[in-house]
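Novice: Structure supplied as my_file_14.cif; contents: mmCIF, C-alpha atoms.
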```cif
data_data
loop_
_atom_site.label_atom_id
_atom_site.label_comp_id
_atom_site.auth_asym_id
_atom_site.auth_seq_id
_atom_site.Cartn_x
_atom_site.Cartn_y
_atom_site.Cartn_z
CA MET A 770 -0.96 -18.06 -4.59
CA GLN A 771 -1.22 -15.46 -7.34
CA ILE A 772 2.18 -14.48 -8.71
CA LEU A 773 3.59 -13.11 -11.94
CA SER A 774 4.19 -16.49 -13.55
CA GLY A 775 2.42 -16.81 -16.88
CA GLU A 776 1.72 -13.08 -17.11
CA SER A 777 3.41 -11.40 -20.05
CA PRO A 778 4.30 -7.72 -20.06
CA LEU A 779 4.41 -7.76 -23.85
CA SER A 780 0.69 -7.59 -24.51
CA ALA A 781 -0.94 -4.40 -25.75
CA PRO A 782 -0.58 -1.42 -23.40
CA ALA A 783 -3.39 -1.31 -20.89
CA ALA A 784 -6.06 1.36 -21.26
CA PRO A 785 -7.17 3.33 -18.20
CA PRO A 786 -9.35 0.93 -16.22
CA ALA A 787 -13.12 1.24 -16.45
CA ARG A 788 -13.57 -0.83 -13.29
CA LEU A 789 -14.87 0.83 -10.13
CA PRO A 790 -12.13 1.96 -7.73
CA VAL A 791 -12.22 0.47 -4.22
CA SER A 792 -10.52 2.06 -1.22
CA VAL A 793 -9.91 0.00 1.91
CA LEU A 794 -10.30 1.97 5.16
CA THR A 795 -8.45 0.44 8.08
CA GLY A 796 -7.27 1.55 11.49
CA PHE A 797 -6.67 0.18 14.94
CA LEU A 798 -9.43 0.20 17.56
CA GLY A 799 -9.85 3.74 18.87
CA SER A 800 -7.84 5.27 16.04
CA GLY A 801 -10.68 7.56 14.91
CA LYS A 802 -11.87 5.44 11.99
CA THR A 803 -15.53 5.70 13.03
CA THR A 804 -15.27 9.49 13.41
CA LEU A 805 -13.73 9.71 9.95
CA LEU A 806 -16.50 7.52 8.53
CA GLN A 807 -19.19 9.73 10.09
CA ALA A 808 -17.59 12.84 8.59
CA LEU A 809 -17.28 11.22 5.16
CA LEU A 810 -20.91 10.08 5.19
CA ARG A 811 -22.04 13.67 5.83
CA ASN A 812 -19.80 15.21 3.19
CA PRO A 813 -21.53 16.18 -0.09
CA ALA A 814 -18.25 15.44 -1.88
CA MET A 815 -18.95 11.76 -1.13
CA ALA A 816 -22.03 11.70 -3.37
CA ARG A 817 -21.86 8.81 -5.84
CA THR A 818 -19.77 6.82 -3.34
CA ALA A 819 -20.81 3.51 -1.77
CA ILE A 820 -19.37 2.86 1.69
CA VAL A 821 -19.40 -0.71 3.01
CA ILE A 822 -19.31 -0.80 6.82
CA ASN A 823 -19.58 -3.52 9.46
CA GLU A 824 -22.65 -2.32 11.39
CA PHE A 825 -25.02 0.61 10.96
CA GLY A 826 -25.17 1.09 14.73
CA GLU A 827 -21.45 1.74 14.98
CA VAL A 828 -21.59 5.00 13.05
CA GLY A 829 -24.95 6.40 14.27
CA LEU A 830 -26.72 7.06 10.98
CA ASP A 831 -30.34 7.60 12.00
CA HIS A 832 -30.42 11.39 11.61
CA LEU A 833 -28.58 11.22 8.27
CA LEU A 834 -30.87 8.83 6.42
CA VAL A 835 -32.89 9.76 3.34
CA ALA A 836 -34.16 6.38 2.23
CA LYS A 837 -33.65 2.70 2.87
CA ALA A 838 -32.78 0.99 -0.40
CA SER A 839 -32.85 -2.50 1.15
CA GLU A 840 -32.36 -4.23 4.45
CA ASN A 841 -28.62 -3.58 4.42
CA MET A 842 -28.45 -0.40 2.27
CA VAL A 843 -29.37 3.19 3.06
CA LEU A 844 -28.97 6.45 1.17
CA MET A 845 -27.52 9.39 3.10
CA ASP A 846 -28.67 12.97 2.61
CA SER A 847 -25.17 13.69 1.28
CA GLY A 848 -25.89 11.36 -1.65
CA CYS A 849 -23.55 8.70 -0.27
CA LEU A 850 -24.81 5.12 -0.30
CA CYS A 851 -24.04 3.15 2.86
CA CYS A 852 -24.38 -0.61 3.22
CA THR A 853 -23.38 -3.29 5.68
CA ILE A 854 -21.52 -6.48 4.87
CA ARG A 855 -24.02 -9.25 4.29
CA GLY A 856 -22.55 -12.75 4.33
CA ASP A 857 -19.02 -12.00 3.19
CA LEU A 858 -17.39 -9.18 1.27
CA VAL A 859 -17.60 -11.04 -2.05
CA ASP A 860 -21.38 -11.45 -1.74
CA THR A 861 -21.80 -7.84 -0.60
CA LEU A 862 -19.84 -6.33 -3.50
CA ARG A 863 -21.51 -8.59 -6.07
CA ASP A 864 -24.93 -7.62 -4.70
CA LEU A 865 -23.98 -3.94 -4.71
CA PHE A 866 -22.81 -4.10 -8.32
CA LEU A 867 -25.90 -6.04 -9.45
CA LYS A 868 -28.31 -3.58 -7.82
CA ARG A 869 -26.39 -0.71 -9.45
CA VAL A 870 -26.69 -2.32 -12.90
CA LYS A 871 -30.42 -2.95 -12.42
CA GLY A 872 -31.01 0.61 -11.27
CA GLU A 873 -32.35 -0.54 -7.89
CA ILE A 874 -29.95 1.82 -6.08
CA PRO A 875 -28.42 5.17 -7.07
CA ASP A 876 -25.41 4.98 -9.34
CA PHE A 877 -21.98 5.29 -7.72
CA ASP A 878 -18.45 5.84 -9.01
CA ARG A 879 -16.33 4.42 -6.18
CA VAL A 880 -16.49 2.11 -3.16
CA VAL A 881 -14.97 2.42 0.31
CA VAL A 882 -14.71 -0.77 2.41
CA GLU A 883 -14.23 -0.53 6.17
CA THR A 884 -12.21 -3.20 7.98
CA THR A 885 -12.73 -4.13 11.62
CA GLY A 886 -10.31 -2.63 14.12
CA LEU A 887 -8.15 -5.73 14.35
CA ALA A 888 -8.45 -6.67 10.69
CA ASP A 889 -5.47 -7.12 8.45
CA PRO A 890 -6.30 -5.20 5.24
CA ALA A 891 -4.39 -7.73 3.11
CA PRO A 892 -7.22 -10.33 2.85
CA ILE A 893 -9.60 -7.68 1.47
CA ILE A 894 -6.97 -6.67 -1.08
CA HIS A 895 -6.47 -10.33 -1.98
CA THR A 896 -10.24 -10.82 -2.38
CA LEU A 897 -10.47 -7.92 -4.83
CA MET A 898 -7.55 -9.24 -6.85
CA SER A 899 -8.27 -12.97 -6.81
CA ASP A 900 -12.06 -13.32 -7.14
CA PRO A 901 -12.70 -13.42 -10.93
CA LEU A 902 -16.10 -11.69 -10.82
CA LEU A 903 -14.94 -8.92 -8.49
CA ALA A 904 -11.66 -8.42 -10.36
CA ALA A 905 -13.62 -7.83 -13.58
CA ARG A 906 -15.76 -5.11 -11.98
CA PHE A 907 -13.64 -3.52 -9.25
CA ARG A 908 -10.01 -2.45 -8.86
CA LEU A 909 -8.04 -1.53 -5.77
CA ASP A 910 -7.50 2.22 -5.56
CA GLY A 911 -5.63 2.25 -2.27
CA VAL A 912 -5.50 1.58 1.46
CA ILE A 913 -6.40 4.38 3.90
CA ALA A 914 -5.18 3.89 7.49
CA THR A 915 -6.23 5.98 10.48
CA VAL A 916 -3.67 6.53 13.25
CA ASP A 917 -4.42 8.21 16.58
CA ALA A 918 -2.01 11.11 17.11
CA ALA A 919 -2.45 10.93 20.88
CA HIS A 920 -1.99 7.19 21.35
CA GLY A 921 -0.58 6.04 18.02
CA SER A 922 3.00 5.59 19.24
CA LEU A 923 1.85 3.32 22.07
CA GLN A 924 -0.27 1.28 19.64
CA LEU A 925 2.68 0.94 17.28
CA ASP A 926 4.78 -0.25 20.23
CA ARG A 927 2.30 -2.83 21.45
CA GLN A 928 0.26 -3.93 18.43
CA PRO A 929 2.06 -5.39 15.39
CA GLU A 930 -1.20 -5.18 13.43
CA SER A 931 -1.23 -1.39 13.68
CA VAL A 932 2.30 -1.30 12.25
CA LYS A 933 1.23 -3.50 9.35
CA GLN A 934 -1.80 -1.29 8.66
CA ALA A 935 0.48 1.74 8.40
CA ALA A 936 3.01 -0.17 6.30
CA VAL A 937 0.56 -1.19 3.57
CA ALA A 938 -1.31 2.15 3.48
CA ASP A 939 -1.38 4.53 0.52
CA ARG A 940 -2.77 7.32 2.70
CA ILE A 941 -2.38 7.74 6.47
CA VAL A 942 -4.94 9.90 8.27
CA LEU A 943 -3.62 11.28 11.55
CA THR A 944 -6.62 11.71 13.86
CA LYS A 945 -7.05 13.47 17.22
CA THR A 946 -4.36 16.00 16.41
CA ASP A 947 -6.38 18.51 18.48
CA VAL A 948 -5.64 16.59 21.72
CA ALA A 949 -2.11 15.38 21.00
CA THR A 950 0.87 17.54 21.89
CA PRO A 951 2.74 19.08 18.93
CA ALA A 952 5.90 17.22 19.93
CA ALA A 953 4.07 13.86 20.03
CA THR A 954 2.48 14.55 16.65
CA VAL A 955 5.81 15.40 15.01
CA ALA A 956 7.50 12.34 16.52
CA LEU A 957 4.70 10.07 15.34
CA MET A 958 4.78 11.54 11.82
CA GLN A 959 8.52 10.89 11.66
CA ARG A 960 7.97 7.33 12.83
CA LEU A 961 5.25 6.74 10.23
CA ALA A 962 7.52 8.14 7.51
CA ALA A 963 10.16 5.57 8.46
CA ILE A 964 7.60 2.74 8.29
CA ASN A 965 6.05 3.89 5.01
CA PRO A 966 7.98 6.70 3.30
CA ALA A 967 5.63 7.04 0.31
CA ALA A 968 2.29 7.40 2.11
CA PRO A 969 1.19 11.02 2.70
CA VAL A 970 0.30 11.64 6.36
CA ILE A 971 -2.81 13.83 6.48
CA PRO A 972 -3.86 15.45 9.79
CA ALA A 973 -7.62 15.37 10.42
CA ALA A 974 -9.08 16.54 13.73
CA HIS A 975 -12.69 15.33 14.24
CA GLY A 976 -12.62 13.62 10.85
CA ASP A 977 -12.40 16.99 9.07
CA ILE A 978 -10.71 16.19 5.77
CA ASP A 979 -11.17 16.82 2.07
CA PRO A 980 -12.21 13.40 0.69
CA ALA A 981 -10.27 14.11 -2.50
CA ARG A 982 -7.03 13.74 -0.52
CA LEU A 983 -7.92 10.15 0.35
CA PHE A 984 -8.68 8.76 -3.08
CA ASP A 985 -7.12 8.25 -6.52
CA ALA A 986 -4.03 6.65 -5.02
CA GLY A 987 -3.61 4.14 -7.84
CA LEU A 988 -1.45 4.19 -10.94
CA TYR A 989 -3.92 6.07 -13.12
CA ASN A 990 -4.53 9.77 -12.62
CA PRO A 991 -8.25 10.40 -13.24
CA GLU A 992 -7.62 14.04 -14.15
CA THR A 993 -5.23 13.24 -16.98
CA LYS A 994 -6.75 9.78 -17.68
CA SER A 995 -3.23 8.42 -17.96
CA PRO A 996 -0.68 6.66 -15.75
CA ASP A 997 1.16 8.88 -13.27
CA VAL A 998 4.09 6.68 -12.28
CA ALA A 999 5.97 9.30 -10.25
CA ARG A 1000 2.92 10.02 -8.07
CA TRP A 1001 2.21 6.31 -7.62
CA LEU A 1002 5.73 4.95 -7.08
CA ARG A 1003 7.16 7.89 -5.09
CA GLU A 1004 10.59 6.27 -4.95
CA GLU A 1005 12.08 9.66 -4.11
CA ALA A 1006 10.24 9.52 -0.77
CA TYR A 1007 12.14 6.33 0.07
CA ARG A 1008 15.37 8.03 -0.95
CA ASP A 1009 14.65 11.11 1.18
CA GLU A 1010 13.84 9.01 4.25
CA GLN A 1011 16.87 6.80 3.73
CA ALA A 1012 19.12 9.83 3.26
CA LYS A 1013 18.04 10.98 6.73
CA ALA A 1014 18.94 7.56 8.08
CA HIS A 1015 22.38 7.78 6.45
CA GLU A 1016 22.99 11.17 8.05
CA HIS A 1017 22.30 9.73 11.49
CA HIS A 1018 23.89 6.33 11.01
CA ASP A 1019 26.84 6.69 8.63
CA HIS A 1020 28.96 4.57 10.94
CA ASP A 1021 26.86 1.55 10.05
CA HIS A 1022 27.61 1.91 6.34
CA ASP A 1023 31.39 2.39 6.27
CA GLY A 1024 32.86 0.06 3.68
CA HIS A 1025 29.48 -1.08 2.34
CA ASP A 1026 29.86 -2.62 -1.15
CA HIS A 1027 27.31 -1.27 -3.59
CA HIS A 1028 27.47 -3.99 -6.28
CA GLY A 1029 26.73 -1.45 -9.03
CA HIS A 1030 23.28 -0.58 -7.63
CA ASP A 1031 21.96 2.46 -5.86
CA HIS A 1032 21.41 1.39 -2.24
CA ASP A 1033 18.93 2.90 0.10
CA HIS A 1034 18.51 1.92 3.73
CA ASN A 1035 16.08 2.89 6.39
CA HIS A 1036 17.22 3.31 9.97
CA ASP A 1037 14.76 0.74 11.32
CA HIS A 1038 16.15 -1.70 8.79
CA ASP A 1039 19.61 -1.12 10.14
CA HIS A 1040 18.99 -1.21 13.87
CA GLY A 1041 16.15 -3.54 14.83
CA ASP A 1042 16.87 -5.46 18.00
CA HIS A 1043 14.59 -8.16 16.59
CA CYS A 1044 15.75 -8.01 12.99
CA GLY A 1045 15.63 -11.77 12.66
CA PRO A 1046 18.38 -14.02 11.41
CA ASP A 1047 18.53 -12.57 7.91
CA CYS A 1048 18.77 -8.84 8.52
CA GLY A 1049 22.53 -8.79 7.91
CA HIS A 1050 23.26 -5.91 10.30
CA GLU A 1051 24.75 -5.32 13.71
CA HIS A 1052 22.16 -4.85 16.42
CA HIS A 1053 21.90 -1.79 18.61
CA HIS A 1054 19.80 -0.73 21.53
CA HIS A 1055 16.11 -0.36 20.78
CA ASP A 1056 12.90 -0.77 22.71
CA ALA A 1057 12.06 -4.45 22.46
CA ASN A 1058 8.39 -3.55 22.19
CA ARG A 1059 8.75 -1.48 19.01
CA HIS A 1060 7.21 -3.59 16.30
CA ASP A 1061 8.19 -1.10 13.59
CA ASP A 1062 11.83 -2.02 14.25
CA HIS A 1063 10.95 -5.10 12.19
CA ILE A 1064 9.88 -3.04 9.16
CA ARG A 1065 12.24 -2.30 6.28
CA ALA A 1066 11.41 0.25 3.59
CA PHE A 1067 13.92 0.58 0.78
CA CYS A 1068 14.44 1.13 -2.91
CA MET A 1069 16.57 -0.72 -5.47
CA VAL A 1070 17.59 1.00 -8.70
CA ILE A 1071 19.02 -1.14 -11.52
CA ASP A 1072 20.87 0.52 -14.39
CA ARG A 1073 20.55 -2.08 -17.16
CA PRO A 1074 17.46 -3.77 -18.66
CA ILE A 1075 16.46 -6.96 -16.85
CA PRO A 1076 15.16 -10.23 -18.33
CA TRP A 1077 11.45 -10.65 -17.61
CA ASN A 1078 11.67 -14.37 -16.84
CA GLY A 1079 14.56 -13.71 -14.49
CA PHE A 1080 12.46 -11.15 -12.65
CA VAL A 1081 9.57 -13.62 -12.39
CA ASP A 1082 11.95 -16.25 -10.98
CA PHE A 1083 13.19 -13.70 -8.44
CA MET A 1084 9.69 -12.72 -7.31
CA GLU A 1085 8.54 -16.34 -7.05
CA ALA A 1086 11.57 -17.18 -4.90
CA LEU A 1087 11.07 -14.06 -2.76
CA ILE A 1088 7.39 -14.86 -2.23
CA ALA A 1089 8.27 -18.44 -1.26
CA GLN A 1090 10.96 -17.24 1.14
CA ALA A 1091 9.33 -14.15 2.64
CA GLY A 1092 5.63 -15.04 2.43
CA GLU A 1093 3.47 -12.67 4.45
CA ASN A 1094 6.52 -10.63 5.45
CA LEU A 1095 6.62 -9.18 1.94
CA LEU A 1096 4.16 -6.40 2.76
CA ARG A 1097 4.30 -4.24 -0.37
CA VAL A 1098 6.23 -4.21 -3.65
CA LYS A 1099 5.95 -1.62 -6.41
CA GLY A 1100 8.11 -1.36 -9.45
CA LEU A 1101 8.78 0.33 -12.77
CA LEU A 1102 10.76 -2.15 -14.86
CA ASN A 1103 12.99 -1.78 -17.88
CA VAL A 1104 12.77 -5.30 -19.34
CA GLN A 1105 14.91 -6.65 -22.14
CA GLU A 1106 11.89 -7.91 -24.07
CA SER A 1107 10.18 -4.53 -24.42
CA GLU A 1108 11.20 -0.97 -25.27
CA LEU A 1109 8.33 0.24 -23.07
CA PRO A 1110 8.24 0.14 -19.26
CA VAL A 1111 6.36 -2.47 -17.25
CA VAL A 1112 4.66 -1.72 -13.92
CA VAL A 1113 4.34 -4.36 -11.19
CA HIS A 1114 2.50 -4.14 -7.86
CA GLY A 1115 2.11 -6.74 -5.13
CA VAL A 1116 0.78 -7.04 -1.59
CA GLN A 1117 2.25 -10.02 0.24
CA HIS A 1118 1.95 -13.00 -2.13
CA MET A 1119 -0.67 -11.41 -4.40
CA PHE A 1120 0.32 -9.46 -7.51
CA HIS A 1121 -1.72 -7.40 -9.91
CA PRO A 1122 -1.21 -8.41 -13.55
CA PRO A 1123 1.81 -6.53 -14.93
CA VAL A 1124 0.96 -3.45 -17.00
CA ARG A 1125 2.99 -2.27 -20.00
CA LEU A 1126 2.81 1.51 -20.29
CA GLU A 1127 2.51 3.37 -23.58
CA ASP A 1128 5.63 5.44 -22.90
CA TRP A 1129 8.35 6.09 -20.36
CA PRO A 1130 7.29 8.70 -17.77
CA SER A 1131 10.69 10.44 -17.98
CA ASP A 1132 14.13 10.20 -19.55
CA ASP A 1133 15.22 7.99 -16.67
CA HIS A 1134 14.83 4.44 -17.97
CA ARG A 1135 16.31 2.62 -14.99
CA THR A 1136 14.37 -0.11 -13.18
CA LYS A 1137 13.09 1.09 -9.81
CA LEU A 1138 11.74 -1.31 -7.19
CA VAL A 1139 10.42 -0.23 -3.79
CA PHE A 1140 9.85 -2.69 -0.97
CA ILE A 1141 8.17 -2.59 2.43
CA THR A 1142 8.98 -5.80 4.29
CA ARG A 1143 9.02 -7.27 7.75
CA ASP A 1144 12.24 -8.93 8.97
CA VAL A 1145 13.55 -9.39 5.42
CA GLY A 1146 16.15 -6.75 4.66
CA GLN A 1147 17.90 -5.60 1.51
CA PRO A 1148 20.99 -7.72 2.41
CA VAL A 1149 18.74 -10.75 1.77
CA ILE A 1150 16.68 -9.48 -1.16
CA GLU A 1151 19.42 -7.98 -3.31
CA PRO A 1152 21.64 -11.10 -3.48
CA LEU A 1153 18.53 -13.11 -4.35
CA PHE A 1154 17.80 -10.63 -7.15
CA ASN A 1155 21.38 -10.74 -8.43
CA GLY A 1156 21.46 -14.51 -8.35
CA LEU A 1157 18.19 -15.16 -10.17
CA VAL A 1158 18.16 -12.18 -12.54
CA TRP A 1159 21.87 -11.98 -13.42
CA GLY A 1160 23.06 -15.43 -12.38
CA GLU A 1161 25.59 -14.00 -9.94
CA GLY A 1162 27.03 -16.52 -7.51
CA LYS A 1163 26.28 -19.50 -9.79
CA GLU A 1164 29.02 -21.75 -11.04
CA GLY A 1165 29.74 -21.76 -14.78
#
```
What would you get if you wrote out this structure as structure tokens?

Specialist:
Amino acid sequence: MQILSGESPLSAPAAPPARLPVSVLTGFLGSGKTTLLQALLRNPAMARTAIVINEFGEVGLDHLLVAKASENMVLMDSGCLCCTIRGDLVDTLRDLFLKRVKGEIPDFDRVVVETTGLADPAPIIHTLMSDPLLAARFRLDGVIATVDAAHGSLQLDRQPESVKQAAVADRIVLTKTDVATPAATVALMQRLAAINPAAPVIPAAHGDIDPARLFDAGLYNPETKSPDVARWLREEAYRDEQAKAHEHHDHDHDGHDHHGHDHDHNHDHDHGDHCGPDCGHEHHHHDANRHDDHIRAFCMVIDRPIPWNGFVDFMEALIAQAGENLLRVKGLLNVQESELPVVVHGVQHMFHPPVRLEDWPSDDHRTKLVFITRDVGQPVIEPLFNGLVWGEGKEG
């Protein structure tokens, strides 16, 4: 289990990464992922991109081929390199990188990895972060999830995996908008915003989309060659979504004690019929089949600098307690040991090494933590934070 223990935020500020960015493309069966892949493979803007897919036959490439670089690699007329997974993903990416270094295949600047329709994107993210050879050569740029505008709501109702794919995504591509009713599309977009407030939802009929809108979702902005925390963290999106929830559900928050923090709650967090034993809220009437009623998306803002070791203790305890239900954590930290901010980012129990930035992105020096979780609400997480970071609730 990779956690923050042993990692110090006090090392020299990190330079913009030279490693190749990897985007993970996921989506439920029938969500339009193959159509999007076909459109991307044809797009000249995808030149100098390597796309790793499951099977050539699935995307119908024959009329697009220029050359066959090897048994599992082909070059498209768009300049995009397409290859199939050979063995496992680790072997495929190592082979791809080695052939690139040797000049056996055209050079490329980014990689897109397709998951199978039922695949949880988290293991691919974990592989990129935990394999030493891959981690030295590649970095996660973001997760792209396709959602079917016509049938997406039904899939979210019936398939918990589709909810998880949307929850961990950095970009959500809404497909088949040409056949869905406007009302269904709007309702689905609102539902996706509640699951994952920070992920832009991008409509794309027939896979028609500007590839630039899918990529560069990580901390570093390639245009400025510097960190863009506001674009990456997007904590205001959580606040906006939670403000909507407050407008509709103020009666659930009467008398809520704020403990000196800014509190933000999402309406699914407040009302899930299947919240689990730790949600800390009254239950109301919801469709028992709605898996996104288990998802909580919220932000914690802390006014005073926090001790780094206390934060590590908190995250280790949260990982031990929540496990795979801790879907996504991002944070900009004001730590007592450094005058400069520290960025943290985790998916389930895996965390990127903390990064100390060269400067604060704004005059606001408060710690901001955003969470997307399943069945573990803020009424559980915040007392854990207060206890382990500030020692609240401990005797003496």

Novice: Check what the PyMOL selection byres ((chain A and resi 985) around 12) selects in the file above and give those residues as a VMD selection string.

Specialist: chain A and resid 789 to 792 878 to 881 908 to 913 939 to 940 980 to 984 986 to 994 996 to 997 1000 to 1001

Novice: To one decimal place, how far is atom CA of A:Gly856 from atom CA of A:Glu930 in Å?

Specialist: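 Going from atom CA of A:Gly856 over to atom CA of A:Glu930 covers 24.4 Å.
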
Novice: Taking all atoms listed in the file into account, name the residue in A:Asp864, A:Glu873, A:Asp857, A:Glu883 that is nearest to A:Val821.

Specialist: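 Residue with the minimum atom-to-atom distance to A:Val821: A:Glu883.
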
Novice: Restricting the calculation to all atoms listed in the file, which member of A:Val870, A:His1063, A:Ile941, A:Asp876 is positioned closest to A:Ile978?

Specialist: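 Of all the options, A:Ile941 lies closest to A:Ile978.
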
Novice: For the atom pair atom CA of A:Ser922 and atom CA of A:Leu957, what is the interatomic distance in Å to one decimal place?

Specialist: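 Interatomic distance, atom CA of A:Ser922 to atom CA of A:Leu957: 6.2 Å.
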
Novice: Just give me the gap between atom CA of A:Glu1106 and atom CA of A:Arg1008 in Å, one decimal is fine.

Specialist: 28.3 Å

Novice: So, with only C-alpha atoms as the atoms that count, which of A:Ile964, A:Val998, A:Arg1065, A:Pro1074 lies closest to A:Pro1148?

Specialist: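 Looking at the shortest contact to A:Pro1148, the residue is A:Arg1065.
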
Novice: Under the rule that only C-alpha atoms are counted, which of A:Glu1151, A:Cys1068, A:Leu862, A:Ser995 is the nearest residue to A:Ala1012?

Specialist: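 For A:Ala1012, the nearest of the given residues is A:Cys1068.
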
Novice: Report as a PyMOL selection string the full result of the PyMOL selection byres ((chain A and resi 925) around 10) when it is applied to this structure.

Specialist: chain A and resi 797+916+920-924+926-935+957+960-961+1058-1061

Novice: Mind listing as number ranges by chain all residues within 12 Å of (-24.7, -8.1, -5.6), counting all atoms listed in the file?

Specialist: A: 839, 841-842, 852, 854-871, 873-874, 902-903, 906

Novice: Missing atoms in stretch 1116-1131 of chain A: can you complete it with N, CA and C atoms, as a PDB file, in the frame of the given file?

Specialist:
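Written output follows (out.pdb):
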```
ATOM      1  N   VAL A1116       0.997  -7.111  -3.035  1.00  0.00           N
ATOM      2  CA  VAL A1116       0.780  -7.040  -1.590  1.00  0.00           C
ATOM      3  C   VAL A1116       0.899  -8.456  -1.057  1.00  0.00           C
ATOM      4  N   GLN A1117       1.915  -8.673  -0.225  1.00  0.00           N
ATOM      5  CA  GLN A1117       2.250 -10.020   0.240  1.00  0.00           C
ATOM      6  C   GLN A1117       2.408 -10.940  -0.975  1.00  0.00           C
ATOM      7  N   HIS A1118       1.704 -12.057  -1.037  1.00  0.00           N
ATOM      8  CA  HIS A1118       1.950 -13.000  -2.130  1.00  0.00           C
ATOM      9  C   HIS A1118       1.036 -12.767  -3.323  1.00  0.00           C
ATOM     10  N   MET A1119       0.252 -11.696  -3.305  1.00  0.00           N
ATOM     11  CA  MET A1119      -0.670 -11.410  -4.400  1.00  0.00           C
ATOM     12  C   MET A1119      -0.144 -10.280  -5.263  1.00  0.00           C
ATOM     13  N   PHE A1120      -0.158 -10.490  -6.586  1.00  0.00           N
ATOM     14  CA  PHE A1120       0.320  -9.460  -7.510  1.00  0.00           C
ATOM     15  C   PHE A1120      -0.758  -9.127  -8.533  1.00  0.00           C
ATOM     16  N   HIS A1121      -0.907  -7.823  -8.784  1.00  0.00           N
ATOM     17  CA  HIS A1121      -1.720  -7.400  -9.910  1.00  0.00           C
ATOM     18  C   HIS A1121      -1.065  -7.889 -11.198  1.00  0.00           C
ATOM     19  N   PRO A1122      -1.844  -8.096 -12.256  1.00  0.00           N
ATOM     20  CA  PRO A1122      -1.210  -8.410 -13.550  1.00  0.00           C
ATOM     21  C   PRO A1122      -0.269  -7.278 -13.946  1.00  0.00           C
ATOM     22  N   PRO A1123       0.878  -7.600 -14.517  1.00  0.00           N
ATOM     23  CA  PRO A1123       1.810  -6.530 -14.930  1.00  0.00           C
ATOM     24  C   PRO A1123       1.182  -5.675 -16.027  1.00  0.00           C
ATOM     25  N   VAL A1124       1.519  -4.403 -16.039  1.00  0.00           N
ATOM     26  CA  VAL A1124       0.960  -3.450 -17.000  1.00  0.00           C
ATOM     27  C   VAL A1124       2.102  -2.855 -17.816  1.00  0.00           C
ATOM     28  N   ARG A1125       2.005  -2.936 -19.134  1.00  0.00           N
ATOM     29  CA  ARG A1125       2.990  -2.270 -20.000  1.00  0.00           C
ATOM     30  C   ARG A1125       2.456  -0.891 -20.354  1.00  0.00           C
ATOM     31  N   LEU A1126       3.231   0.133 -20.035  1.00  0.00           N
ATOM     32  CA  LEU A1126       2.810   1.510 -20.290  1.00  0.00           C
ATOM     33  C   LEU A1126       3.050   1.880 -21.748  1.00  0.00           C
ATOM     34  N   GLU A1127       2.391   2.937 -22.184  1.00  0.00           N
ATOM     35  CA  GLU A1127       2.510   3.370 -23.580  1.00  0.00           C
ATOM     36  C   GLU A1127       3.774   4.180 -23.820  1.00  0.00           C
ATOM     37  N   ASP A1128       4.411   4.651 -22.739  1.00  0.00           N
ATOM     38  CA  ASP A1128       5.630   5.440 -22.900  1.00  0.00           C
ATOM     39  C   ASP A1128       6.341   5.506 -21.557  1.00  0.00           C
ATOM     40  N   TRP A1129       7.612   5.851 -21.591  1.00  0.00           N
ATOM     41  CA  TRP A1129       8.350   6.090 -20.360  1.00  0.00           C
ATOM     42  C   TRP A1129       7.899   7.402 -19.734  1.00  0.00           C
ATOM     43  N   PRO A1130       7.747   7.456 -18.413  1.00  0.00           N
ATOM     44  CA  PRO A1130       7.290   8.700 -17.770  1.00  0.00           C
ATOM     45  C   PRO A1130       8.342   9.795 -17.761  1.00  0.00           C
ATOM     46  N   SER A1131       9.618   9.439 -17.977  1.00  0.00           N
ATOM     47  CA  SER A1131      10.690  10.440 -17.980  1.00  0.00           C
ATOM     48  C   SER A1131      11.855   9.884 -18.783  1.00  0.00           C
TER      49      SER A1131
END
```
